[in-house]
>>> print(open('entry_4.json').read())   # JSON, C-alpha atoms
[["chain", "number", "residue", "atom", "x", "y", "z"],
["A", 1015, "MET", "CA", 31.37, 34.53, 49.31],
["A", 1016, "LYS", "CA", 29.62, 31.30, 48.42],
["A", 1017, "ILE", "CA", 26.42, 30.91, 50.45],
["A", 1018, "ALA", "CA", 24.41, 27.69, 50.69],
["A", 1019, "VAL", "CA", 20.90, 27.51, 52.13],
["A", 1020, "LEU", "CA", 20.22, 24.06, 53.60],
["A", 1021, "LEU", "CA", 16.64, 22.90, 54.09],
["A", 1022, "PRO", "CA", 16.04, 19.42, 55.55],
["A", 1023, "CYS", "CA", 12.54, 18.25, 54.58],
["A", 1024, "TYR", "CA", 10.08, 15.49, 55.31],
["A", 1025, "ASN", "CA", 6.56, 15.69, 53.86],
["A", 1026, "GLU", "CA", 6.46, 19.49, 53.49],
["A", 1027, "GLU", "CA", 4.53, 19.89, 50.23],
["A", 1028, "ALA", "CA", 2.33, 22.56, 51.84],
["A", 1029, "ALA", "CA", 5.26, 24.82, 52.72],
["A", 1030, "ILE", "CA", 8.41, 23.96, 50.78],
["A", 1031, "ALA", "CA", 7.73, 26.10, 47.70],
["A", 1032, "GLN", "CA", 7.06, 29.15, 49.88],
["A", 1033, "THR", "CA", 10.21, 28.46, 51.91],
["A", 1034, "VAL", "CA", 12.45, 28.08, 48.86],
["A", 1035, "ALA", "CA", 11.01, 31.21, 47.25],
["A", 1036, "GLY", "CA", 11.55, 33.19, 50.45],
["A", 1037, "PHE", "CA", 15.23, 32.30, 50.73],
["A", 1038, "ARG", "CA", 15.88, 32.79, 47.01],
["A", 1039, "ALA", "CA", 14.44, 36.30, 47.32],
["A", 1040, "ALA", "CA", 16.33, 37.10, 50.54],
["A", 1041, "LEU", "CA", 19.66, 35.68, 49.35],
["A", 1042, "PRO", "CA", 19.61, 35.91, 45.54],
["A", 1043, "GLY", "CA", 23.24, 34.84, 45.21],
["A", 1044, "ALA", "CA", 22.85, 31.71, 47.32],
["A", 1045, "VAL", "CA", 22.17, 28.15, 46.22],
["A", 1046, "VAL", "CA", 19.14, 26.65, 47.97],
["A", 1047, "TYR", "CA", 19.45, 22.93, 48.70],
["A", 1048, "VAL", "CA", 16.48, 20.83, 49.75],
["A", 1049, "TYR", "CA", 17.42, 17.50, 51.31],
["A", 1050, "ASP", "CA", 14.44, 15.20, 51.16],
["A", 1051, "ASN", "CA", 14.18, 12.59, 53.92],
["A", 1052, "ASN", "CA", 11.91, 9.95, 52.36],
["A", 1053, "SER", "CA", 8.90, 12.18, 51.78],
["A", 1054, "ALA", "CA", 5.76, 10.43, 50.57],
["A", 1055, "ASP", "CA", 4.13, 13.57, 49.15],
["A", 1056, "ARG", "CA", 5.06, 16.11, 46.45],
["A", 1057, "THR", "CA", 7.84, 17.81, 48.43],
["A", 1058, "VAL", "CA", 10.55, 16.93, 45.90],
["A", 1059, "GLU", "CA", 8.52, 17.98, 42.88],
["A", 1060, "LEU", "CA", 7.48, 21.33, 44.36],
["A", 1061, "ALA", "CA", 10.95, 22.12, 45.72],
["A", 1062, "ARG", "CA", 12.53, 21.51, 42.33],
["A", 1063, "ALA", "CA", 9.86, 23.61, 40.61],
["A", 1064, "ALA", "CA", 10.57, 26.46, 43.06],
["A", 1065, "GLY", "CA", 14.22, 26.50, 42.00],
["A", 1066, "ALA", "CA", 15.93, 24.43, 44.68],
["A", 1067, "VAL", "CA", 18.64, 21.84, 44.16],
["A", 1068, "VAL", "CA", 17.05, 18.66, 45.51],
["A", 1069, "ARG", "CA", 19.06, 15.86, 47.07],
["A", 1070, "HIS", "CA", 18.09, 12.84, 49.14],
["A", 1071, "GLU", "CA", 19.03, 11.22, 52.45],
["A", 1072, "ARG", "CA", 17.53, 7.75, 52.98],
["A", 1073, "MET", "CA", 18.49, 7.36, 56.65],
["A", 1074, "GLN", "CA", 15.51, 8.72, 58.58],
["A", 1075, "GLY", "CA", 15.95, 11.55, 61.06],
["A", 1076, "LYS", "CA", 16.92, 15.21, 61.01],
["A", 1077, "GLY", "CA", 20.33, 14.45, 62.49],
["A", 1078, "ALA", "CA", 21.10, 12.11, 59.59],
["A", 1079, "VAL", "CA", 20.05, 14.78, 57.11],
["A", 1080, "VAL", "CA", 22.20, 17.46, 58.73],
["A", 1081, "ARG", "CA", 25.17, 15.09, 58.79],
["A", 1082, "ARG", "CA", 24.75, 14.45, 55.05],
["A", 1083, "MET", "CA", 24.27, 18.14, 54.21],
["A", 1084, "PHE", "CA", 27.36, 19.23, 56.12],
["A", 1085, "ALA", "CA", 29.45, 16.50, 54.48],
["A", 1086, "ASP", "CA", 28.26, 17.08, 50.92],
["A", 1087, "ILE", "CA", 27.95, 20.84, 50.52],
["A", 1088, "ASP", "CA", 31.00, 23.03, 50.01],
["A", 1089, "ALA", "CA", 30.42, 26.72, 50.80],
["A", 1090, "ASP", "CA", 31.81, 29.64, 52.79],
["A", 1091, "ILE", "CA", 28.56, 30.40, 54.64],
["A", 1092, "TYR", "CA", 25.82, 27.91, 55.48],
["A", 1093, "VAL", "CA", 22.26, 29.00, 56.28],
["A", 1094, "MET", "CA", 20.19, 26.20, 57.82],
["A", 1095, "ALA", "CA", 16.44, 26.38, 58.35],
["A", 1096, "ASP", "CA", 13.43, 24.09, 58.22],
["A", 1097, "GLY", "CA", 11.30, 23.63, 55.12],
["A", 1098, "ASP", "CA", 8.03, 24.42, 56.89],
["A", 1099, "ALA", "CA", 7.93, 28.22, 56.28],
["A", 1100, "THR", "CA", 8.02, 28.98, 60.03],
["A", 1101, "TYR", "CA", 11.36, 30.82, 59.95],
["A", 1102, "ASP", "CA", 11.66, 34.32, 58.54],
["A", 1103, "ALA", "CA", 13.72, 34.10, 55.35],
["A", 1104, "ALA", "CA", 13.92, 37.90, 55.20],
["A", 1105, "SER", "CA", 16.11, 37.81, 58.33],
["A", 1106, "ALA", "CA", 18.77, 35.70, 56.60],
["A", 1107, "PRO", "CA", 20.83, 38.64, 55.24],
["A", 1108, "GLN", "CA", 21.02, 40.13, 58.75],
["A", 1109, "LEU", "CA", 22.24, 36.82, 60.19],
["A", 1110, "VAL", "CA", 24.82, 36.40, 57.43],
["A", 1111, "ARG", "CA", 26.02, 39.98, 57.75],
["A", 1112, "ARG", "CA", 26.48, 39.58, 61.53],
["A", 1113, "LEU", "CA", 28.49, 36.39, 60.98],
["A", 1114, "ILE", "CA", 30.81, 38.05, 58.45],
["A", 1115, "ASP", "CA", 31.20, 41.45, 60.11],
["A", 1116, "GLU", "CA", 32.13, 39.98, 63.50],
["A", 1117, "GLN", "CA", 33.90, 36.89, 62.08],
["A", 1118, "LEU", "CA", 31.66, 34.55, 64.05],
["A", 1119, "ASP", "CA", 31.22, 30.82, 63.61],
["A", 1120, "MET", "CA", 27.50, 30.60, 64.32],
["A", 1121, "VAL", "CA", 24.57, 32.99, 64.56],
["A", 1122, "VAL", "CA", 21.36, 31.56, 66.00],
["A", 1123, "GLY", "CA", 17.97, 32.90, 64.98],
["A", 1124, "SER", "CA", 16.28, 33.07, 68.39],
["A", 1125, "ARG", "CA", 12.57, 32.57, 67.81],
["A", 1126, "VAL", "CA", 10.00, 35.25, 68.63],
["A", 1127, "HIS", "CA", 6.60, 33.74, 67.84],
["A", 1128, "GLU", "CA", 4.24, 35.88, 65.83],
["A", 1129, "ALA", "CA", 1.12, 33.86, 66.65],
["A", 1130, "ALA", "CA", -0.01, 31.59, 69.48],
["A", 1131, "ALA", "CA", -0.24, 28.65, 67.08],
["A", 1132, "ALA", "CA", 3.34, 29.12, 65.92],
["A", 1133, "TYR", "CA", 4.99, 27.90, 69.10],
["A", 1134, "ARG", "CA", 2.96, 25.51, 71.25],
["A", 1135, "ARG", "CA", 2.97, 26.04, 75.01],
["A", 1136, "GLY", "CA", 4.48, 22.60, 75.64],
["A", 1137, "HIS", "CA", 7.30, 23.33, 73.22],
["A", 1138, "ARG", "CA", 7.99, 26.71, 74.85],
["A", 1139, "PHE", "CA", 8.12, 25.16, 78.31],
["A", 1140, "GLY", "CA", 10.33, 22.30, 77.12],
["A", 1141, "ASN", "CA", 12.69, 24.67, 75.33],
["A", 1142, "LYS", "CA", 13.11, 26.82, 78.46],
["A", 1143, "ALA", "CA", 13.63, 23.77, 80.67],
["A", 1144, "LEU", "CA", 16.21, 22.22, 78.34],
["A", 1145, "THR", "CA", 17.98, 25.55, 77.82],
["A", 1146, "GLY", "CA", 18.22, 25.96, 81.59],
["A", 1147, "MET", "CA", 19.50, 22.41, 81.96],
["A", 1148, "LEU", "CA", 22.23, 23.05, 79.38],
["A", 1149, "ALA", "CA", 23.24, 26.28, 81.12],
["A", 1150, "ARG", "CA", 23.50, 24.57, 84.52],
["A", 1151, "LEU", "CA", 25.55, 21.67, 83.17],
["A", 1152, "PHE", "CA", 27.87, 23.58, 80.83],
["A", 1153, "GLY", "CA", 27.99, 26.92, 82.60],
["A", 1154, "ARG", "CA", 26.59, 28.93, 79.68],
["A", 1155, "SER", "CA", 24.02, 28.51, 76.95],
["A", 1156, "PHE", "CA", 21.87, 30.17, 74.32],
["A", 1157, "THR", "CA", 18.38, 31.55, 74.85],
["A", 1158, "ASP", "CA", 16.94, 29.15, 72.25],
["A", 1159, "ILE", "CA", 19.00, 25.97, 71.95],
["A", 1160, "LEU", "CA", 16.34, 24.22, 69.86],
["A", 1161, "SER", "CA", 16.12, 26.81, 67.10],
["A", 1162, "GLY", "CA", 16.61, 25.27, 63.67],
["A", 1163, "TYR", "CA", 17.44, 28.64, 62.12],
["A", 1164, "ARG", "CA", 21.22, 29.04, 62.17],
["A", 1165, "VAL", "CA", 24.02, 30.45, 60.07],
["A", 1166, "PHE", "CA", 27.41, 28.72, 60.20],
["A", 1167, "SER", "CA", 30.93, 29.38, 59.04],
["A", 1168, "ARG", "CA", 32.74, 26.80, 56.95],
["A", 1169, "ARG", "CA", 35.07, 25.95, 59.82],
["A", 1170, "PHE", "CA", 32.14, 25.21, 62.11],
["A", 1171, "VAL", "CA", 30.48, 22.87, 59.62],
["A", 1172, "LYS", "CA", 33.64, 20.98, 58.68],
["A", 1173, "SER", "CA", 34.70, 20.44, 62.31],
["A", 1174, "PHE", "CA", 31.27, 19.30, 63.53],
["A", 1175, "PRO", "CA", 30.95, 15.49, 63.85],
["A", 1176, "ALA", "CA", 27.09, 15.42, 63.75],
["A", 1177, "LEU", "CA", 26.48, 12.20, 65.67],
["A", 1178, "SER", "CA", 22.81, 12.71, 66.58],
["A", 1179, "ALA", "CA", 20.02, 10.97, 64.69],
["A", 1180, "GLY", "CA", 16.93, 13.12, 65.27],
["A", 1181, "PHE", "CA", 15.78, 16.51, 66.53],
["A", 1182, "GLU", "CA", 18.45, 16.50, 69.24],
["A", 1183, "ILE", "CA", 20.91, 17.64, 66.54],
["A", 1184, "GLU", "CA", 20.38, 21.30, 67.53],
["A", 1185, "THR", "CA", 21.48, 20.47, 71.08],
["A", 1186, "GLU", "CA", 24.62, 18.78, 69.78],
["A", 1187, "ILE", "CA", 25.35, 21.82, 67.61],
["A", 1188, "SER", "CA", 25.01, 24.13, 70.63],
["A", 1189, "VAL", "CA", 27.29, 21.99, 72.81],
["A", 1190, "HIS", "CA", 29.88, 21.78, 70.01],
["A", 1191, "ALA", "CA", 30.06, 25.58, 69.88],
["A", 1192, "LEU", "CA", 30.22, 25.90, 73.67],
["A", 1193, "GLU", "CA", 32.90, 23.26, 74.18],
["A", 1194, "LEU", "CA", 35.21, 24.65, 71.48],
["A", 1195, "ARG", "CA", 34.51, 28.17, 72.78],
["A", 1196, "MET", "CA", 33.63, 29.46, 69.33],
["A", 1197, "PRO", "CA", 32.58, 33.08, 68.79],
["A", 1198, "VAL", "CA", 28.80, 32.97, 68.40],
["A", 1199, "ALA", "CA", 25.82, 35.30, 68.59],
["A", 1200, "GLU", "CA", 22.02, 35.31, 68.66],
["A", 1201, "ILE", "CA", 19.55, 37.52, 66.82],
["A", 1202, "GLU", "CA", 15.82, 37.53, 67.49],
["A", 1203, "THR", "CA", 13.85, 36.52, 64.40],
["A", 1204, "PRO", "CA", 10.10, 36.12, 63.81],
["A", 1205, "TYR", "CA", 8.66, 32.63, 64.08],
["A", 1206, "PHE", "CA", 5.44, 31.98, 62.17],
["A", 1207, "ALA", "CA", 2.67, 29.40, 62.30],
["A", 1208, "ARG", "CA", 2.89, 26.59, 59.78],
["A", 1209, "PRO", "CA", 0.86, 26.97, 56.58],
["A", 1210, "GLU", "CA", -2.41, 25.07, 56.48],
["A", 1211, "GLY", "CA", -1.76, 21.43, 55.66],
["A", 1212, "SER", "CA", 1.74, 21.38, 57.17],
["A", 1213, "VAL", "CA", 2.12, 19.24, 60.30],
["A", 1214, "SER", "CA", 4.91, 19.34, 62.88],
["A", 1215, "LYS", "CA", 7.07, 16.21, 63.10],
["A", 1216, "LEU", "CA", 8.28, 17.09, 66.61],
["A", 1217, "SER", "CA", 6.80, 15.10, 69.51],
["A", 1218, "THR", "CA", 6.75, 17.24, 72.66],
["A", 1219, "TYR", "CA", 7.38, 14.41, 75.11],
["A", 1220, "ALA", "CA", 9.27, 11.77, 73.11],
["A", 1221, "ASP", "CA", 11.65, 14.22, 71.45],
["A", 1222, "GLY", "CA", 11.90, 16.28, 74.65],
["A", 1223, "TRP", "CA", 13.06, 13.17, 76.50],
["A", 1224, "ARG", "CA", 15.57, 12.37, 73.73],
["A", 1225, "ILE", "CA", 16.95, 15.90, 73.88],
["A", 1226, "ALA", "CA", 17.27, 15.74, 77.69],
["A", 1227, "THR", "CA", 19.10, 12.41, 77.51],
["A", 1228, "THR", "CA", 21.32, 13.83, 74.77],
["A", 1229, "ILE", "CA", 22.32, 16.72, 77.04],
["A", 1230, "ALA", "CA", 23.13, 14.25, 79.83],
["A", 1231, "THR", "CA", 25.10, 12.03, 77.43],
["A", 1232, "LEU", "CA", 27.05, 14.98, 76.04],
["A", 1233, "TYR", "CA", 27.81, 16.10, 79.59],
["A", 1234, "ARG", "CA", 29.20, 12.63, 80.37],
["A", 1235, "LEU", "CA", 31.28, 12.69, 77.18],
["A", 1236, "GLU", "CA", 32.53, 16.26, 77.51],
["A", 1237, "ARG", "CA", 32.88, 16.54, 81.32],
["A", 1238, "PRO", "CA", 33.70, 12.99, 82.49],
["A", 1239, "LEU", "CA", 35.63, 14.06, 85.58],
["A", 1240, "LEU", "CA", 32.68, 16.01, 86.96],
["A", 1241, "PHE", "CA", 30.16, 13.38, 85.86],
["A", 1242, "PHE", "CA", 31.91, 10.39, 87.40],
["A", 1243, "GLY", "CA", 33.22, 12.51, 90.27],
["A", 1244, "VAL", "CA", 29.67, 13.33, 91.36],
["A", 1245, "ILE", "CA", 28.69, 9.65, 91.20],
["A", 1246, "GLY", "CA", 31.77, 8.73, 93.22],
["A", 1247, "ALA", "CA", 31.06, 11.43, 95.79],
["A", 1248, "LEU", "CA", 27.50, 10.17, 96.25],
["A", 1249, "MET", "CA", 28.71, 6.62, 96.74],
["A", 1250, "ALA", "CA", 31.36, 7.76, 99.23],
["A", 1251, "SER", "CA", 28.75, 9.77, 101.14],
["A", 1252, "VAL", "CA", 26.44, 6.76, 101.43],
["A", 1253, "ALA", "CA", 29.37, 4.62, 102.57],
["A", 1254, "VAL", "CA", 30.26, 7.12, 105.29],
["A", 1255, "LEU", "CA", 26.65, 7.25, 106.50],
["A", 1256, "LEU", "CA", 26.58, 3.45, 106.71],
["A", 1257, "ALA", "CA", 29.97, 3.28, 108.41],
["A", 1258, "ILE", "CA", 29.37, 5.84, 111.18],
["A", 1259, "PRO", "CA", 27.12, 3.57, 113.33],
["A", 1260, "LEU", "CA", 29.50, 0.66, 112.75],
["A", 1261, "ALA", "CA", 32.46, 2.74, 113.86],
["A", 1262, "ILE", "CA", 30.66, 3.90, 117.00],
["A", 1263, "THR", "CA", 29.74, 0.30, 117.89],
["A", 1264, "TRP", "CA", 33.30, -0.87, 117.25],
["A", 1265, "VAL", "CA", 34.75, 1.88, 119.48],
["A", 1266, "GLU", "CA", 32.32, 1.05, 122.31],
["A", 1267, "THR", "CA", 32.42, -2.77, 122.12],
["A", 1268, "GLY", "CA", 35.30, -3.72, 119.87],
["A", 1269, "LEU", "CA", 32.84, -5.69, 117.71],
["A", 1270, "VAL", "CA", 31.38, -5.32, 114.21],
["A", 1271, "PRO", "CA", 27.99, -7.02, 114.58],
["A", 1272, "ARG", "CA", 26.62, -6.01, 111.14],
["A", 1273, "LEU", "CA", 29.15, -7.53, 108.78],
["A", 1274, "PRO", "CA", 26.99, -7.21, 105.58],
["A", 1275, "THR", "CA", 26.69, -3.45, 106.20],
["A", 1276, "ALA", "CA", 30.44, -3.22, 106.66],
["A", 1277, "VAL", "CA", 31.01, -5.10, 103.39],
["A", 1278, "LEU", "CA", 28.51, -2.83, 101.59],
["A", 1279, "ALA", "CA", 30.22, 0.32, 102.90],
["A", 1280, "THR", "CA", 33.63, -1.01, 101.83],
["A", 1281, "GLY", "CA", 32.30, -1.89, 98.38],
["A", 1282, "LEU", "CA", 30.83, 1.58, 97.95],
["A", 1283, "VAL", "CA", 34.15, 3.20, 98.85],
["A", 1284, "ILE", "CA", 35.93, 1.02, 96.28],
["A", 1285, "LEU", "CA", 33.35, 1.94, 93.62],
["A", 1286, "ALA", "CA", 33.71, 5.61, 94.54],
["A", 1287, "PHE", "CA", 37.45, 5.48, 93.90],
["A", 1288, "LEU", "CA", 36.91, 3.55, 90.66],
["A", 1289, "ASN", "CA", 34.53, 6.30, 89.45],
["A", 1290, "LEU", "CA", 37.08, 8.95, 90.37],
["A", 1291, "PHE", "CA", 39.90, 7.21, 88.49],
["A", 1292, "ALA", "CA", 37.61, 6.54, 85.51],
["A", 1293, "GLY", "CA", 36.78, 10.25, 85.41],
["A", 1294, "LEU", "CA", 40.46, 11.22, 85.55],
["A", 1295, "ILE", "CA", 41.40, 8.85, 82.73],
["A", 1296, "LEU", "CA", 38.46, 9.84, 80.51],
["A", 1297, "ASP", "CA", 39.13, 13.53, 81.16],
["A", 1298, "THR", "CA", 42.60, 13.09, 79.68],
["A", 1299, "VAL", "CA", 41.11, 11.32, 76.65],
["A", 1300, "VAL", "CA", 38.50, 14.06, 76.17],
["A", 1301, "ARG", "CA", 41.14, 16.79, 76.31],
["A", 1302, "GLY", "CA", 43.06, 15.08, 73.52],
["A", 1303, "ARG", "CA", 39.89, 14.62, 71.47],
["A", 1304, "ARG", "CA", 38.98, 18.27, 72.00],
["A", 1305, "GLU", "CA", 42.41, 19.36, 70.79],
["A", 1306, "VAL", "CA", 41.91, 17.32, 67.60],
["A", 1307, "ARG", "CA", 38.53, 18.98, 66.99],
["A", 1308, "ARG", "CA", 40.04, 22.38, 67.68],
["A", 1309, "LEU", "CA", 42.81, 21.77, 65.15],
["A", 1310, "ALA", "CA", 40.24, 20.66, 62.55],
["A", 1311, "TYR", "CA", 38.33, 23.85, 63.30],
["A", 1312, "LEU", "CA", 41.45, 26.04, 62.94],
["A", 1313, "ALA", "CA", 42.28, 24.46, 59.57],
["A", 1314, "TYR", "CA", 39.81, 26.88, 57.95],
["A", 1315, "PRO", "CA", 39.91, 30.71, 58.01],
["A", 1316, "ALA", "CA", 37.33, 32.81, 59.78],
["A", 1317, "PRO", "CA", 34.44, 34.03, 57.60],
["A", 1318, "GLY", "CA", 35.50, 37.21, 55.86],
["A", 1319, "GLY", "CA", 39.06, 36.79, 57.18],
["A", 1320, "GLY", "CA", 40.68, 35.70, 53.93],
["A", 1321, "ASP", "CA", 43.06, 32.78, 53.39]]
>>> encode(input="entry_4.json", output="structure tokens")
Amino acid sequence: MKIAVLLPCYNEEAAIAQTVAGFRAALPGAVVYVYDNNSADRTVELARAAGAVVRHERMQGKGAVVRRMFADIDADIYVMADGDATYDAASAPQLVRRLIDEQLDMVVGSRVHEAAAAYRRGHRFGNKALTGMLARLFGRSFTDILSGYRVFSRRFVKSFPALSAGFEIETEISVHALELRMPVAEIETPYFARPEGSVSKLSTYADGWRIATTIATLYRLERPLLFFGVIGALMASVAVLLAIPLAITWVETGLVPRLPTAVLATGLVILAFLNLFAGLILDTVVRGRREVRRLAYLAYPAPGGGD
């Protein structure tokens, strides 16, 4: 089977040669692609010298690079990792074998850090919080939704729209698998500290906020009935709380002395129903869109399943 190793890179001259060499040794039959994202150092030169096929994506952001890689590369199995030598290339054959043997669509390399410097405390906390948030909103999740070490089937890659721009791409990948109910698995893999001279491009707070908002946005897009239904229920609850004293006064005196409150309560009820109907309409649209994605996914055979 044709295996492609995909390495998105931005200013990784300190680690890219080691990363390419590691994957070429672990998967000798695979083609290693390095997609440079406007690096200002010697990343391209060193990657090419290490034996990688180097290509370029000018639109800045990891999401843009992943979108380009998935569109351009034609393979049966896709191994995606970062070019910073933090992921264990020696684990790649195990991930690929699990994907093929069980005919899965994605295997996630769940990170087990080998050194305190490999996985900063803020990143660990953020990952757990965001993973828990995804599980609560979508009902199930992975143990490491932000891992960049993943193996995909062809049908996963070619049915994935890749709309994110930055590091939230891993979250979008996870939600895509969950919503289409794809067969997936996780395998614990070592996670190492960056080599000296390599610097993380991930901002704990800024990117953490973007990932959290991405989860909320995907929830609105994928579960509109629940999303707008909750908003409508809150509005209706506030309207009822405002209307109870008015109703009691009206029963006792036959008067409605607080007309603005009555108007506000009525408006909230109308908005609550509008949210409910919006959720119902969008839920129908989402179901149709999900069927289209599912059909695109089913257009390709399972890995190892033949034509």
>>> atom_distance(input="entry_4.json", atom1="atom CA of A:Leu1144", atom2="atom CA of A:Arg1082")
26.0 Å
>>> closest_atom_pairs(input="entry_4.json", of="stretch 1218-1257 of chain A", to="stretch 1300-1306 of chain A", cutoff="10 Å", atoms="only C-alpha atoms", output="tab-separated table")
residue	atom	partner	partner_atom	distance
A:Leu1235	CA	A:Val1300	CA	7.4
A:Glu1236	CA	A:Val1300	CA	6.5
A:Arg1237	CA	A:Val1300	CA	8.0
A:Pro1238	CA	A:Val1300	CA	8.0
A:Leu1239	CA	A:Val1300	CA	9.8
>>> closest_residue(input="entry_4.json", among="A:Val1019, A:Leu1148, A:Leu1240, A:Ala1261", to="A:Phe1291", atoms="all atoms listed in the file")
A:Leu1240
>>> atom_distance(input="entry_4.json", atom1="atom CA of A:Asn1289", atom2="atom CA of A:Ala1250")
10.4 Å
>>> atom_distance(input="entry_4.json", atom1="atom CA of A:Val1068", atom2="atom CA of A:Arg1056")
12.3 Å
>>> closest_atom_pairs(input="entry_4.json", of="stretch 1091-1196 of chain A", to="stretch 1029-1047 of chain A", cutoff="6 Å", atoms="all atoms listed in the file", output="Markdown table")
| residue | atom | partner | partner_atom | distance |
| --- | --- | --- | --- | --- |
| A:Gly1097 | CA | A:Ile1030 | CA | 5.2 |
| A:Asp1098 | CA | A:Ala1029 | CA | 5.0 |
| A:Ala1099 | CA | A:Thr1033 | CA | 4.9 |
| A:Ala1103 | CA | A:Phe1037 | CA | 5.2 |
| A:Ala1104 | CA | A:Ala1040 | CA | 5.3 |
>>> closest_residue(input="entry_4.json", among="A:Ser1178, A:Thr1100, A:Ser1251, A:Thr1263", to="A:Thr1280", atoms="only C-alpha atoms")
A:Ser1251
>>> build_atoms(input="entry_4.json", residues="stretch 1262-1273 of chain A", atoms="N, CA and C atoms", output="short mmCIF file (atom, residue, chain, number, x, y, z; two decimals), in the coordinates of the input")
data_model
loop_
_atom_site.label_atom_id
_atom_site.label_comp_id
_atom_site.auth_asym_id
_atom_site.auth_seq_id
_atom_site.Cartn_x
_atom_site.Cartn_y
_atom_site.Cartn_z
N ILE A 1262 31.01 3.61 115.61
CA ILE A 1262 30.66 3.90 117.00
C ILE A 1262 30.55 2.61 117.80
N THR A 1263 29.88 1.60 117.22
CA THR A 1263 29.74 0.30 117.89
C THR A 1263 31.10 -0.36 118.12
N TRP A 1264 31.97 -0.26 117.12
CA TRP A 1264 33.30 -0.87 117.25
C TRP A 1264 34.12 -0.19 118.34
N VAL A 1265 34.03 1.16 118.44
CA VAL A 1265 34.75 1.88 119.48
C VAL A 1265 34.24 1.51 120.87
N GLU A 1266 32.91 1.34 121.00
CA GLU A 1266 32.32 1.05 122.31
C GLU A 1266 32.50 -0.41 122.73
N THR A 1267 32.42 -1.35 121.76
CA THR A 1267 32.42 -2.77 122.12
C THR A 1267 33.58 -3.55 121.54
N GLY A 1268 34.25 -2.97 120.54
CA GLY A 1268 35.30 -3.72 119.87
C GLY A 1268 34.77 -4.76 118.90
N LEU A 1269 33.47 -4.71 118.59
CA LEU A 1269 32.84 -5.69 117.71
C LEU A 1269 32.23 -5.00 116.48
N VAL A 1270 32.08 -5.79 115.42
CA VAL A 1270 31.38 -5.32 114.21
C VAL A 1270 30.23 -6.28 113.97
N PRO A 1271 29.07 -6.04 114.62
CA PRO A 1271 27.99 -7.02 114.58
C PRO A 1271 27.29 -7.10 113.22
N ARG A 1272 27.34 -6.02 112.42
CA ARG A 1272 26.62 -6.01 111.14
C ARG A 1272 27.63 -6.11 110.00
N LEU A 1273 28.13 -7.30 109.78
CA LEU A 1273 29.15 -7.53 108.78
C LEU A 1273 28.68 -7.20 107.36
#
